[in-house]
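**Q** The structure that follows is given in the form of structure tokens.
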Amino acid sequence: MKNCCLLPFILLLIVSCSESIEYGDTGDSWPVVKQQGEGVLYALYVPSEGFAYRDKTGELTGVTIDLLNGFADFLYERYEINLEIRFVEETDWTRFYNRIVEGSDGLIGMGNVTITKERKEELTFSPPYMTNIASLISHEDAPELPSLEEISDRFSGRDALAFEGTLHETRLRQIINEYFPEAGIRMAQSNDEIIEIISLEDQFFAYIDIYNYWRAVERGKPLQRHEAGDEAAEQFGYIMPPGTSWEEMITEYFEHNEGLLESEQYRRIMKYHLGNTLAELLFHAQDPS
């Protein structure tokens, strides 16, 4: 969605940059930006198909990119402030997370970070921008799983494959402890690694986010989703260093009018980058009614 969030009459300074920022580097605080009428916000992102990626022309785009660009639009419309957003790539999720935890004011991050009580103790979260569905997957040749209670019989001889240090690892350990104690667990370092390993042969089961599963199947990967294991309790938010001065304005952006997630703009962005079917699944997870 090229410039999908920009109003034709608004001149904004939205910069996608390849520069590197290190721990402690900072953009401008909100009080400084408000006083000057302009300023810089660094946006650290983890590349993710559909959420933060480069299109065929090389332009940085995606759900989280477009929503943050919309924040700059909002500041111009509401306060006549020109915000320059400098997007900076970080491919390692753990390093990305730590760079935000240890960062200073004027920094925001997007890496589909699940909002949890524990993380709130070391980060500042925006309101949620999406409700996620964590999907239990296997090779397409594995038997269907009608319920988690049947997993030890249906998945006999298979082990869990977990993205180390994530909530997906926690989920798998809970399943093993409760229903499948004879299963082992192997660690992986990325969703892509999980998808590749499970696609090779019918030896593992794993949790990944539904959009990762969806994209993998679209690419022809031989995967199967077991809806009995679906969990739609997670919410993703932008993250900021503790004590950031931007929390109030980010919250105002999310809550203005009837709320960002209720807006046509939000639905349009989600459908464009994720596709109609997947977007509708995620809308339903957000509001089952």
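Just so we're on the same page: first chain in the structure tokens is A, next is B, and so on; residues restart at 1 for each chain, and ligands are numbered from 1 in the order they show up.
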When you look at Val33 (chain A) with a cut-off of 8 Å (counting only C-alpha atoms), what residues show up, excluding the ones that are within fewer than 5 positions of it in the same chain? I need them as a short mmCIF file (atom, residue, chain, number, x, y, z; two decimals) with C-alpha atoms, in the first residue's frame.

**A**
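Final output, part.cif:
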```
data_model
loop_
_atom_site.label_atom_id
_atom_site.label_comp_id
_atom_site.auth_asym_id
_atom_site.auth_seq_id
_atom_site.Cartn_x
_atom_site.Cartn_y
_atom_site.Cartn_z
CA ASP A 28 13.77 13.60 20.18
CA GLU A 38 9.18 19.16 14.36
CA GLY A 39 11.54 16.39 15.35
CA VAL A 40 12.82 12.86 14.85
CA ILE A 81 3.85 18.98 13.83
CA LEU A 83 7.59 14.23 12.57
#
```

**Q** Please build the interface table for region 76-157 of chain A against region 252-266 of chain A with a cut-off of 10 Å, listing for each qualifying residue the nearest atom pair and the distance in Å to one decimal; count only C-alpha atoms, order rows by chain and increasing number, and write it as CSV.

**A**
```
residue,atom,partner,partner_atom,distance
A:Arg78,CA,A:Tyr253,CA,9.8
A:Ser126,CA,A:Phe254,CA,8.3
A:Pro127,CA,A:Phe254,CA,6.8
A:Pro128,CA,A:Phe254,CA,8.6
A:Tyr129,CA,A:Leu261,CA,6.9
A:Met130,CA,A:Leu261,CA,8.1
```

**Q** For a quick check of understanding, using only C-alpha atoms, which of A:Asp105, A:Glu122, A:Asp55, A:Glu150 has the smallest distance to Ala228 (chain A)?

**A**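 Residue with the minimum atom-to-atom distance to Ala228 (chain A): A:Glu150.
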
**Q** Tell me which protein, DNA and RNA residues are within 8 Å of region 217-224 of chain A, counting only C-alpha atoms, leaving out same-chain ones fewer than 2 positions away, and put them as a list of chain:residue names.

**A**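 Listed by chain and then number, they are A:Ile137, A:Ser138, A:His139, A:Glu140, A:Asp141, A:Ala142, A:Ile195, A:Ile198, A:Ser199, A:Tyr213, A:Trp214, A:Arg215, A:His226.
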
**Q** Just C-alpha atoms for this one: save the residues we selected as an mmCIF file, in the first residue's frame.

**A**
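Contents of out23.cif, as written:
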```cif
data_model
loop_
_atom_site.group_PDB
_atom_site.id
_atom_site.type_symbol
_atom_site.label_atom_id
_atom_site.label_comp_id
_atom_site.auth_asym_id
_atom_site.auth_seq_id
_atom_site.Cartn_x
_atom_site.Cartn_y
_atom_site.Cartn_z
ATOM 1 C CA ILE A 137 1.264 -26.877 13.186
ATOM 2 C CA SER A 138 2.786 -30.075 11.866
ATOM 3 C CA HIS A 139 3.802 -31.575 8.534
ATOM 4 C CA GLU A 140 0.794 -32.088 6.290
ATOM 5 C CA ASP A 141 1.243 -35.877 6.548
ATOM 6 C CA ALA A 142 0.634 -35.908 10.310
ATOM 7 C CA ILE A 195 8.898 -23.880 8.954
ATOM 8 C CA ILE A 198 8.776 -29.205 9.784
ATOM 9 C CA SER A 199 8.407 -29.031 6.007
ATOM 10 C CA TYR A 213 1.765 -20.314 8.756
ATOM 11 C CA TRP A 214 -0.458 -18.653 6.179
ATOM 12 C CA ARG A 215 2.445 -17.226 4.186
ATOM 13 C CA HIS A 226 -4.480 -27.941 13.991
#
```

**Q** Among region 26-67 of chain A, which residues does DSSP mark as strand (DSSP E) when it is run on the backbone? Keep the chain and numbering as in the structure and answer as a PyMOL selection string.

**A** chain A and resi 38-45+53-54+60-61
